[in-house]
>>> print(open('input_6.txt').read())   # compact mmCIF, N, CA and C atoms
# COMPACT_ATOMS: atom_id res chain seq x y z
N MET A 3 0.86 -1.17 0.00
CA MET A 3 0.00 0.00 0.00
C MET A 3 0.90 1.23 0.00
N GLU A 4 0.73 2.05 -0.98
CA GLU A 4 1.55 3.24 -1.09
C GLU A 4 0.68 4.42 -1.48
N SER A 5 1.22 5.61 -1.25
CA SER A 5 0.54 6.79 -1.77
C SER A 5 0.69 6.73 -3.28
N THR A 6 -0.42 6.83 -3.99
CA THR A 6 -0.36 6.57 -5.42
C THR A 6 -0.31 7.80 -6.30
N LYS A 7 -0.85 8.91 -5.85
CA LYS A 7 -0.90 10.07 -6.73
C LYS A 7 -0.76 11.35 -5.91
N VAL A 8 0.09 12.23 -6.39
CA VAL A 8 0.27 13.52 -5.74
C VAL A 8 -0.13 14.60 -6.73
N THR A 9 -1.08 15.45 -6.34
CA THR A 9 -1.56 16.53 -7.19
C THR A 9 -1.20 17.85 -6.53
N ASP A 10 -0.58 18.75 -7.28
CA ASP A 10 -0.11 20.03 -6.77
C ASP A 10 -1.22 21.09 -6.79
N HIS A 11 -1.50 21.69 -5.64
CA HIS A 11 -2.48 22.78 -5.52
C HIS A 11 -1.84 23.90 -4.70
N SER A 12 -1.33 24.92 -5.35
CA SER A 12 -0.68 26.07 -4.70
C SER A 12 0.34 25.61 -3.68
N SER A 13 0.13 25.91 -2.39
CA SER A 13 1.12 25.53 -1.39
C SER A 13 0.83 24.17 -0.77
N PHE A 14 -0.19 23.48 -1.28
CA PHE A 14 -0.55 22.16 -0.78
C PHE A 14 -0.50 21.14 -1.89
N CYS A 15 -0.38 19.87 -1.49
CA CYS A 15 -0.44 18.77 -2.44
C CYS A 15 -1.51 17.80 -1.97
N ALA A 16 -2.31 17.31 -2.90
CA ALA A 16 -3.31 16.30 -2.60
C ALA A 16 -2.67 14.94 -2.83
N VAL A 17 -2.63 14.13 -1.79
CA VAL A 17 -2.02 12.80 -1.87
C VAL A 17 -3.13 11.77 -1.78
N ARG A 18 -3.27 10.98 -2.83
CA ARG A 18 -4.29 9.91 -2.85
C ARG A 18 -3.64 8.64 -2.31
N THR A 19 -4.30 8.03 -1.35
CA THR A 19 -3.72 6.86 -0.69
C THR A 19 -4.47 5.58 -1.04
N GLU A 20 -3.80 4.48 -0.83
CA GLU A 20 -4.40 3.15 -1.01
C GLU A 20 -4.78 2.65 0.38
N PRO A 21 -5.71 1.80 0.57
CA PRO A 21 -6.47 1.07 -0.42
C PRO A 21 -7.79 1.75 -0.79
N THR A 22 -8.15 2.84 -0.11
CA THR A 22 -9.48 3.44 -0.30
C THR A 22 -9.52 4.55 -1.33
N GLY A 23 -8.36 5.08 -1.70
CA GLY A 23 -8.33 6.21 -2.61
C GLY A 23 -8.59 7.53 -1.90
N GLN A 24 -8.53 7.50 -0.57
CA GLN A 24 -8.72 8.71 0.23
C GLN A 24 -7.68 9.75 -0.17
N THR A 25 -8.10 11.02 -0.23
CA THR A 25 -7.19 12.10 -0.57
C THR A 25 -6.87 12.89 0.69
N ILE A 26 -5.58 13.11 0.91
CA ILE A 26 -5.12 13.86 2.07
C ILE A 26 -4.42 15.10 1.54
N LEU A 27 -4.75 16.25 2.07
CA LEU A 27 -4.14 17.51 1.67
C LEU A 27 -2.98 17.82 2.61
N LEU A 28 -1.79 17.94 2.05
CA LEU A 28 -0.58 18.17 2.85
C LEU A 28 0.16 19.40 2.34
N PRO A 29 0.85 20.11 3.25
CA PRO A 29 1.73 21.17 2.79
C PRO A 29 2.81 20.56 1.88
N LYS A 30 3.21 21.28 0.84
CA LYS A 30 4.16 20.75 -0.14
C LYS A 30 5.40 20.14 0.51
N GLY A 31 5.94 20.81 1.50
CA GLY A 31 7.18 20.35 2.12
C GLY A 31 7.03 19.11 2.97
N GLU A 32 5.81 18.60 3.15
CA GLU A 32 5.60 17.46 4.04
C GLU A 32 5.19 16.18 3.31
N VAL A 33 5.06 16.25 2.01
CA VAL A 33 4.63 15.08 1.25
C VAL A 33 5.63 13.93 1.39
N ALA A 34 6.90 14.21 1.26
CA ALA A 34 7.93 13.16 1.35
C ALA A 34 7.93 12.52 2.74
N ALA A 35 7.76 13.33 3.77
CA ALA A 35 7.73 12.79 5.13
C ALA A 35 6.52 11.89 5.34
N TYR A 36 5.37 12.30 4.79
CA TYR A 36 4.16 11.48 4.90
C TYR A 36 4.37 10.16 4.16
N GLN A 37 4.87 10.23 2.94
CA GLN A 37 5.08 9.02 2.16
C GLN A 37 6.11 8.10 2.83
N SER A 38 7.09 8.69 3.49
CA SER A 38 8.08 7.90 4.23
C SER A 38 7.41 7.16 5.40
N LEU A 39 6.48 7.84 6.08
CA LEU A 39 5.75 7.21 7.17
C LEU A 39 4.89 6.06 6.64
N VAL A 40 4.25 6.26 5.49
CA VAL A 40 3.44 5.20 4.87
C VAL A 40 4.33 3.99 4.57
N GLU A 41 5.47 4.24 3.95
CA GLU A 41 6.37 3.14 3.58
C GLU A 41 6.90 2.41 4.81
N ALA A 42 7.31 3.15 5.84
CA ALA A 42 7.85 2.53 7.05
C ALA A 42 6.79 1.67 7.76
N THR A 43 5.57 2.19 7.81
CA THR A 43 4.49 1.44 8.48
C THR A 43 4.14 0.19 7.69
N ASN A 44 4.14 0.30 6.38
CA ASN A 44 3.90 -0.89 5.55
C ASN A 44 5.00 -1.93 5.69
N ARG A 45 6.24 -1.48 5.78
CA ARG A 45 7.35 -2.42 5.98
C ARG A 45 7.21 -3.11 7.33
N GLN A 46 6.80 -2.37 8.34
CA GLN A 46 6.66 -2.93 9.68
C GLN A 46 5.58 -4.01 9.75
N PHE A 47 4.41 -3.73 9.17
CA PHE A 47 3.28 -4.65 9.33
C PHE A 47 3.04 -5.56 8.13
N GLN A 48 3.53 -5.19 6.95
CA GLN A 48 3.36 -5.97 5.73
C GLN A 48 1.92 -6.47 5.56
N PRO A 49 0.99 -5.54 5.41
CA PRO A 49 -0.41 -5.93 5.27
C PRO A 49 -0.66 -6.67 3.95
N VAL A 50 -1.56 -7.65 4.01
CA VAL A 50 -1.89 -8.42 2.82
C VAL A 50 -3.37 -8.26 2.49
N THR A 51 -4.22 -8.47 3.49
CA THR A 51 -5.66 -8.41 3.24
C THR A 51 -6.13 -6.96 3.20
N PHE A 52 -7.31 -6.76 2.66
CA PHE A 52 -7.89 -5.41 2.60
C PHE A 52 -8.05 -4.84 4.00
N SER A 53 -8.52 -5.64 4.94
CA SER A 53 -8.70 -5.17 6.32
C SER A 53 -7.37 -4.74 6.94
N GLU A 54 -6.33 -5.50 6.70
CA GLU A 54 -5.01 -5.15 7.22
C GLU A 54 -4.53 -3.83 6.60
N LYS A 55 -4.75 -3.67 5.31
CA LYS A 55 -4.33 -2.44 4.63
C LYS A 55 -5.09 -1.23 5.16
N LEU A 56 -6.39 -1.41 5.44
CA LEU A 56 -7.18 -0.31 6.02
C LEU A 56 -6.64 0.08 7.39
N LEU A 57 -6.33 -0.91 8.21
CA LEU A 57 -5.80 -0.62 9.54
C LEU A 57 -4.44 0.06 9.47
N VAL A 58 -3.59 -0.37 8.56
CA VAL A 58 -2.28 0.26 8.40
C VAL A 58 -2.44 1.71 7.96
N GLN A 59 -3.32 1.96 7.00
CA GLN A 59 -3.53 3.35 6.55
C GLN A 59 -4.10 4.19 7.68
N SER A 60 -4.98 3.61 8.47
CA SER A 60 -5.54 4.32 9.62
C SER A 60 -4.44 4.65 10.62
N LEU A 61 -3.56 3.70 10.88
CA LEU A 61 -2.42 3.96 11.78
C LEU A 61 -1.56 5.10 11.27
N VAL A 62 -1.28 5.09 9.98
CA VAL A 62 -0.47 6.15 9.38
C VAL A 62 -1.15 7.50 9.59
N ASN A 63 -2.44 7.57 9.30
CA ASN A 63 -3.15 8.85 9.43
C ASN A 63 -3.18 9.35 10.86
N TYR A 64 -3.46 8.46 11.82
CA TYR A 64 -3.47 8.88 13.22
C TYR A 64 -2.07 9.31 13.68
N GLU A 65 -1.06 8.55 13.29
CA GLU A 65 0.31 8.89 13.68
C GLU A 65 0.72 10.23 13.07
N TRP A 66 0.34 10.45 11.82
CA TRP A 66 0.67 11.72 11.16
C TRP A 66 0.03 12.89 11.89
N ARG A 67 -1.23 12.73 12.23
CA ARG A 67 -1.94 13.81 12.94
C ARG A 67 -1.34 14.04 14.32
N LEU A 68 -0.96 12.99 14.99
CA LEU A 68 -0.34 13.13 16.31
C LEU A 68 0.98 13.89 16.20
N GLN A 69 1.77 13.56 15.19
CA GLN A 69 3.03 14.28 14.98
C GLN A 69 2.78 15.76 14.69
N ARG A 70 1.74 16.06 13.93
CA ARG A 70 1.40 17.46 13.63
C ARG A 70 1.04 18.21 14.92
N ILE A 71 0.27 17.57 15.81
CA ILE A 71 -0.10 18.19 17.07
C ILE A 71 1.14 18.52 17.90
N VAL A 72 2.06 17.57 17.96
CA VAL A 72 3.30 17.79 18.71
C VAL A 72 4.05 19.00 18.14
N ASN A 73 4.11 19.10 16.82
CA ASN A 73 4.79 20.23 16.19
C ASN A 73 4.08 21.56 16.47
N ILE A 74 2.75 21.54 16.46
CA ILE A 74 1.99 22.76 16.76
C ILE A 74 2.24 23.18 18.20
N GLU A 75 2.22 22.23 19.12
CA GLU A 75 2.48 22.55 20.53
C GLU A 75 3.87 23.15 20.71
N LYS A 76 4.85 22.57 20.03
CA LYS A 76 6.22 23.12 20.12
C LYS A 76 6.26 24.54 19.58
N GLY A 77 5.57 24.76 18.47
CA GLY A 77 5.54 26.10 17.88
C GLY A 77 4.91 27.12 18.82
N LEU A 78 3.83 26.73 19.47
CA LEU A 78 3.18 27.64 20.41
C LEU A 78 4.08 27.94 21.61
N LYS A 79 4.84 26.96 22.04
CA LYS A 79 5.77 27.18 23.16
C LYS A 79 6.91 28.10 22.74
N ILE A 80 7.37 27.96 21.52
CA ILE A 80 8.44 28.83 21.02
C ILE A 80 7.94 30.27 20.95
N LEU A 81 6.71 30.45 20.45
CA LEU A 81 6.14 31.80 20.38
C LEU A 81 6.01 32.43 21.75
N GLY A 82 5.78 31.62 22.76
CA GLY A 82 5.62 32.13 24.12
C GLY A 82 6.87 32.03 24.95
N ASN A 83 8.03 31.88 24.32
CA ASN A 83 9.31 31.76 25.03
C ASN A 83 9.28 30.64 26.08
N GLY A 84 8.78 29.49 25.70
CA GLY A 84 8.78 28.33 26.58
C GLY A 84 7.49 28.15 27.36
N GLU A 85 6.65 29.16 27.40
CA GLU A 85 5.37 29.05 28.09
C GLU A 85 4.25 29.36 27.10
N ILE A 86 3.11 28.75 27.35
CA ILE A 86 1.97 28.96 26.47
C ILE A 86 1.24 30.23 26.89
N ASP A 87 1.08 31.13 25.95
CA ASP A 87 0.36 32.38 26.18
C ASP A 87 -1.09 32.05 26.54
N ALA A 88 -1.69 32.86 27.40
CA ALA A 88 -3.06 32.63 27.86
C ALA A 88 -4.05 32.54 26.70
N LYS A 89 -3.80 33.28 25.63
CA LYS A 89 -4.74 33.25 24.50
C LYS A 89 -4.71 31.92 23.75
N TYR A 90 -3.69 31.09 24.00
CA TYR A 90 -3.60 29.79 23.34
C TYR A 90 -4.01 28.64 24.25
N GLN A 91 -4.43 28.92 25.47
CA GLN A 91 -4.77 27.86 26.42
C GLN A 91 -5.90 26.97 25.91
N LYS A 92 -6.94 27.57 25.34
CA LYS A 92 -8.07 26.79 24.83
C LYS A 92 -7.61 25.87 23.69
N GLU A 93 -6.80 26.42 22.79
CA GLU A 93 -6.29 25.62 21.67
C GLU A 93 -5.43 24.46 22.18
N MET A 94 -4.62 24.74 23.22
CA MET A 94 -3.77 23.69 23.76
C MET A 94 -4.60 22.57 24.39
N LYS A 95 -5.68 22.93 25.07
CA LYS A 95 -6.56 21.90 25.65
C LYS A 95 -7.19 21.06 24.55
N ASN A 96 -7.62 21.70 23.48
CA ASN A 96 -8.20 20.96 22.35
C ASN A 96 -7.16 20.04 21.71
N LEU A 97 -5.95 20.55 21.55
CA LEU A 97 -4.88 19.72 20.98
C LEU A 97 -4.58 18.53 21.88
N ALA A 98 -4.59 18.75 23.18
CA ALA A 98 -4.33 17.65 24.12
C ALA A 98 -5.42 16.58 24.02
N LYS A 99 -6.67 17.00 23.88
CA LYS A 99 -7.77 16.05 23.72
C LYS A 99 -7.61 15.24 22.44
N GLN A 100 -7.26 15.94 21.36
CA GLN A 100 -7.07 15.25 20.09
C GLN A 100 -5.90 14.27 20.17
N ALA A 101 -4.80 14.70 20.79
CA ALA A 101 -3.63 13.83 20.91
C ALA A 101 -3.99 12.57 21.71
N LYS A 102 -4.75 12.74 22.78
CA LYS A 102 -5.16 11.59 23.59
C LYS A 102 -6.02 10.63 22.75
N PHE A 103 -6.95 11.18 21.98
CA PHE A 103 -7.80 10.37 21.11
C PHE A 103 -6.95 9.61 20.09
N PHE A 104 -6.00 10.30 19.44
CA PHE A 104 -5.16 9.66 18.44
C PHE A 104 -4.32 8.55 19.05
N ARG A 105 -3.75 8.80 20.23
CA ARG A 105 -2.95 7.75 20.89
C ARG A 105 -3.81 6.52 21.20
N THR A 106 -5.03 6.75 21.66
CA THR A 106 -5.94 5.64 21.95
C THR A 106 -6.26 4.86 20.68
N GLN A 107 -6.54 5.57 19.59
CA GLN A 107 -6.86 4.91 18.33
C GLN A 107 -5.65 4.14 17.80
N ILE A 108 -4.46 4.70 17.94
CA ILE A 108 -3.24 4.01 17.50
C ILE A 108 -3.09 2.70 18.26
N LYS A 109 -3.30 2.73 19.58
CA LYS A 109 -3.21 1.50 20.38
C LYS A 109 -4.25 0.47 19.95
N LYS A 110 -5.50 0.93 19.76
CA LYS A 110 -6.57 0.02 19.36
C LYS A 110 -6.29 -0.58 17.99
N ASN A 111 -5.92 0.26 17.03
CA ASN A 111 -5.66 -0.23 15.68
C ASN A 111 -4.47 -1.17 15.64
N THR A 112 -3.43 -0.85 16.40
CA THR A 112 -2.26 -1.72 16.45
C THR A 112 -2.63 -3.08 17.03
N ALA A 113 -3.41 -3.08 18.11
CA ALA A 113 -3.83 -4.34 18.71
C ALA A 113 -4.67 -5.16 17.72
N GLU A 114 -5.61 -4.49 17.05
CA GLU A 114 -6.46 -5.18 16.09
C GLU A 114 -5.64 -5.72 14.91
N LEU A 115 -4.70 -4.92 14.44
CA LEU A 115 -3.85 -5.34 13.33
C LEU A 115 -3.00 -6.54 13.74
N ASN A 116 -2.46 -6.50 14.95
CA ASN A 116 -1.66 -7.64 15.43
C ASN A 116 -2.49 -8.91 15.51
N LEU A 117 -3.77 -8.79 15.87
CA LEU A 117 -4.66 -9.97 15.88
C LEU A 117 -4.84 -10.53 14.47
N PHE A 118 -5.05 -9.63 13.49
CA PHE A 118 -5.17 -10.07 12.10
C PHE A 118 -3.89 -10.78 11.65
N LEU A 119 -2.74 -10.20 11.97
CA LEU A 119 -1.47 -10.78 11.54
C LEU A 119 -1.23 -12.13 12.20
N GLU A 120 -1.57 -12.24 13.48
CA GLU A 120 -1.41 -13.51 14.19
C GLU A 120 -2.33 -14.57 13.60
N LYS A 121 -3.56 -14.20 13.27
CA LYS A 121 -4.49 -15.14 12.65
C LYS A 121 -3.96 -15.61 11.30
N ARG A 122 -3.41 -14.66 10.54
CA ARG A 122 -2.85 -15.03 9.24
C ARG A 122 -1.70 -16.01 9.40
N LYS A 123 -0.83 -15.78 10.40
CA LYS A 123 0.29 -16.71 10.64
C LYS A 123 -0.23 -18.08 11.05
N ASN A 124 -1.22 -18.11 11.93
CA ASN A 124 -1.79 -19.39 12.37
C ASN A 124 -2.44 -20.12 11.21
N ASP A 125 -3.16 -19.38 10.37
CA ASP A 125 -3.77 -20.00 9.19
C ASP A 125 -2.71 -20.57 8.26
N ALA A 126 -1.60 -19.86 8.13
CA ALA A 126 -0.52 -20.33 7.26
C ALA A 126 0.09 -21.62 7.79
N ARG A 127 0.23 -21.71 9.11
CA ARG A 127 0.77 -22.95 9.70
C ARG A 127 -0.13 -24.15 9.40
N ARG A 128 -1.43 -23.88 9.31
CA ARG A 128 -2.38 -24.95 9.01
C ARG A 128 -2.58 -25.10 7.50
N GLY A 129 -1.87 -24.30 6.71
CA GLY A 129 -1.97 -24.40 5.26
C GLY A 129 -3.19 -23.74 4.67
N LEU A 130 -3.79 -22.81 5.42
CA LEU A 130 -5.02 -22.17 4.94
C LEU A 130 -4.79 -20.85 4.22
N PHE A 131 -3.62 -20.25 4.42
CA PHE A 131 -3.39 -18.92 3.87
C PHE A 131 -1.90 -18.73 3.64
N LEU A 132 -1.55 -18.12 2.55
CA LEU A 132 -0.15 -17.90 2.21
C LEU A 132 0.37 -16.65 2.91
N VAL A 133 1.49 -16.78 3.62
CA VAL A 133 2.09 -15.65 4.32
C VAL A 133 3.25 -15.11 3.49
N PRO A 134 3.28 -13.80 3.21
CA PRO A 134 4.41 -13.26 2.45
C PRO A 134 5.67 -13.28 3.31
N LYS A 135 6.79 -13.42 2.64
CA LYS A 135 8.06 -13.40 3.35
C LYS A 135 8.36 -11.99 3.81
N ARG A 136 8.91 -11.86 5.01
CA ARG A 136 9.28 -10.54 5.53
C ARG A 136 10.54 -10.05 4.85
N GLU A 137 10.58 -8.76 4.61
CA GLU A 137 11.77 -8.15 4.00
C GLU A 137 12.88 -8.13 5.03
N LYS A 138 14.09 -8.34 4.57
CA LYS A 138 15.24 -8.24 5.46
C LYS A 138 15.57 -6.78 5.68
N LYS A 139 15.92 -6.45 6.91
CA LYS A 139 16.25 -5.04 7.24
C LYS A 139 17.70 -4.76 7.07
>>> encode(input="input_6.txt", output="structure tokens")
Amino acid sequence: MESTKVTDHSSFCAVRTEPTGQTILLPKGEVAAYQSLVEATNRQFQPVTFSEKLLVQSLVNYEWRLQRIVNIEKGLKILGNGEIDAKYQKEMKNLAKQAKFFRTQIKKNTAELNLFLEKRKNDARRGLFLVPKREKK
């Protein structure tokens, strides 16, 4: 599963992802980093079934958003010389809620994906499903 198409729109690029064809709008300078995250996550989990691919893409999207939140928080702290200005307190609380949600979803999706992968391995041992060979690192 890879990002299949990048379309340039002013300072943003539309990245179409597999397996659903979902389009994600990214700043131009971040497309390579996003695609790198997609590739690394695919190498880690090596999804085969459609369900596995959906979970991997979901993990990528949640992880990407979580990284963006961390960067926004850092930026706000830099603007406030290490402290968050009072006018940004509400935004910081919202970011913290979102980050907590994303971390929870990452844990849930990872657990579910690991169950799928374990089932696939068990099925392969019984000769029910072909397991792809893992890439050497």
>>> atom_distance(input="input_6.txt", atom1="atom CA of A:Leu115", atom2="atom N of A:Arg127")
17.4 Å
>>> residues_around(input="input_6.txt", residues="A:Phe14", least_positions_apart="5", cutoff="6.5 Å", atoms="only N, CA and C atoms", output="PyMOL selection string")
chain A and resi 9+27-30
>>> atom_distance(input="input_6.txt", atom1="atom N of A:Gln48", atom2="atom N of A:Thr106")
20.8 Å
>>> atom_distance(input="input_6.txt", atom1="atom CA of A:Val72", atom2="atom CA of A:Ala98")
9.4 Å
>>> closest_residue(input="input_6.txt", among="A:Asn96, A:Asn73, A:Ser60, A:Thr22", to="A:Ile108", atoms="all atoms listed in the file")
A:Ser60
>>> select_by_dssp(input="input_6.txt", residues="stretch 25-102 of chain A", states="strand (DSSP E or B)", output="mmCIF file with N, CA and C atoms, in the coordinates of the input")
data_model
loop_
_atom_site.group_PDB
_atom_site.id
_atom_site.type_symbol
_atom_site.label_atom_id
_atom_site.label_comp_id
_atom_site.auth_asym_id
_atom_site.auth_seq_id
_atom_site.Cartn_x
_atom_site.Cartn_y
_atom_site.Cartn_z
ATOM 1 N N THR A 25 -8.100 11.020 -0.230
ATOM 2 C CA THR A 25 -7.190 12.100 -0.570
ATOM 3 C C THR A 25 -6.870 12.890 0.690
ATOM 4 N N ILE A 26 -5.580 13.110 0.910
ATOM 5 C CA ILE A 26 -5.120 13.860 2.070
ATOM 6 C C ILE A 26 -4.420 15.100 1.540
ATOM 7 N N LEU A 27 -4.750 16.250 2.070
ATOM 8 C CA LEU A 27 -4.140 17.510 1.670
ATOM 9 C C LEU A 27 -2.980 17.820 2.610
ATOM 10 N N LEU A 28 -1.790 17.940 2.050
ATOM 11 C CA LEU A 28 -0.580 18.170 2.850
ATOM 12 C C LEU A 28 0.160 19.400 2.340
ATOM 13 N N PRO A 29 0.850 20.110 3.250
ATOM 14 C CA PRO A 29 1.730 21.170 2.790
ATOM 15 C C PRO A 29 2.810 20.560 1.880
#
>>> closest_residue(input="input_6.txt", among="A:Ser12, A:Pro21, A:Leu39, A:Gln100", to="A:Val62", atoms="all atoms listed in the file")
A:Leu39
>>> decode(input="input_6.txt", residues="stretch 10-22 of chain A", atoms="N, CA and C atoms", output="PDB file, in the first residue's frame")
ATOM      1  N   ASP A  10      -0.579  18.750  -7.283  1.00  0.00           N
ATOM      2  CA  ASP A  10      -0.114  20.027  -6.766  1.00  0.00           C
ATOM      3  C   ASP A  10      -1.217  21.086  -6.792  1.00  0.00           C
ATOM      4  N   HIS A  11      -1.503  21.693  -5.637  1.00  0.00           N
ATOM      5  CA  HIS A  11      -2.482  22.783  -5.522  1.00  0.00           C
ATOM      6  C   HIS A  11      -1.845  23.897  -4.697  1.00  0.00           C
ATOM      7  N   SER A  12      -1.331  24.921  -5.350  1.00  0.00           N
ATOM      8  CA  SER A  12      -0.682  26.069  -4.701  1.00  0.00           C
ATOM      9  C   SER A  12       0.340  25.607  -3.682  1.00  0.00           C
ATOM     10  N   SER A  13       0.134  25.907  -2.392  1.00  0.00           N
ATOM     11  CA  SER A  13       1.124  25.532  -1.389  1.00  0.00           C
ATOM     12  C   SER A  13       0.832  24.172  -0.768  1.00  0.00           C
ATOM     13  N   PHE A  14      -0.190  23.482  -1.284  1.00  0.00           N
ATOM     14  CA  PHE A  14      -0.546  22.159  -0.775  1.00  0.00           C
ATOM     15  C   PHE A  14      -0.502  21.138  -1.895  1.00  0.00           C
ATOM     16  N   CYS A  15      -0.379  19.874  -1.492  1.00  0.00           N
ATOM     17  CA  CYS A  15      -0.436  18.769  -2.439  1.00  0.00           C
ATOM     18  C   CYS A  15      -1.509  17.802  -1.966  1.00  0.00           C
ATOM     19  N   ALA A  16      -2.305  17.310  -2.898  1.00  0.00           N
ATOM     20  CA  ALA A  16      -3.308  16.296  -2.599  1.00  0.00           C
ATOM     21  C   ALA A  16      -2.667  14.936  -2.831  1.00  0.00           C
ATOM     22  N   VAL A  17      -2.632  14.129  -1.791  1.00  0.00           N
ATOM     23  CA  VAL A  17      -2.020  12.803  -1.867  1.00  0.00           C
ATOM     24  C   VAL A  17      -3.129  11.769  -1.775  1.00  0.00           C
ATOM     25  N   ARG A  18      -3.268  10.975  -2.827  1.00  0.00           N
ATOM     26  CA  ARG A  18      -4.287   9.915  -2.848  1.00  0.00           C
ATOM     27  C   ARG A  18      -3.638   8.644  -2.314  1.00  0.00           C
ATOM     28  N   THR A  19      -4.301   8.025  -1.348  1.00  0.00           N
ATOM     29  CA  THR A  19      -3.716   6.859  -0.687  1.00  0.00           C
ATOM     30  C   THR A  19      -4.467   5.584  -1.043  1.00  0.00           C
ATOM     31  N   GLU A  20      -3.803   4.476  -0.834  1.00  0.00           N
ATOM     32  CA  GLU A  20      -4.402   3.152  -1.005  1.00  0.00           C
ATOM     33  C   GLU A  20      -4.779   2.654   0.376  1.00  0.00           C
ATOM     34  N   PRO A  21      -5.708   1.801   0.571  1.00  0.00           N
ATOM     35  CA  PRO A  21      -6.471   1.073  -0.420  1.00  0.00           C
ATOM     36  C   PRO A  21      -7.788   1.754  -0.793  1.00  0.00           C
ATOM     37  N   THR A  22      -8.150   2.843  -0.106  1.00  0.00           N
ATOM     38  CA  THR A  22      -9.476   3.436  -0.303  1.00  0.00           C
ATOM     39  C   THR A  22      -9.516   4.546  -1.330  1.00  0.00           C
TER      40      THR A  22
END
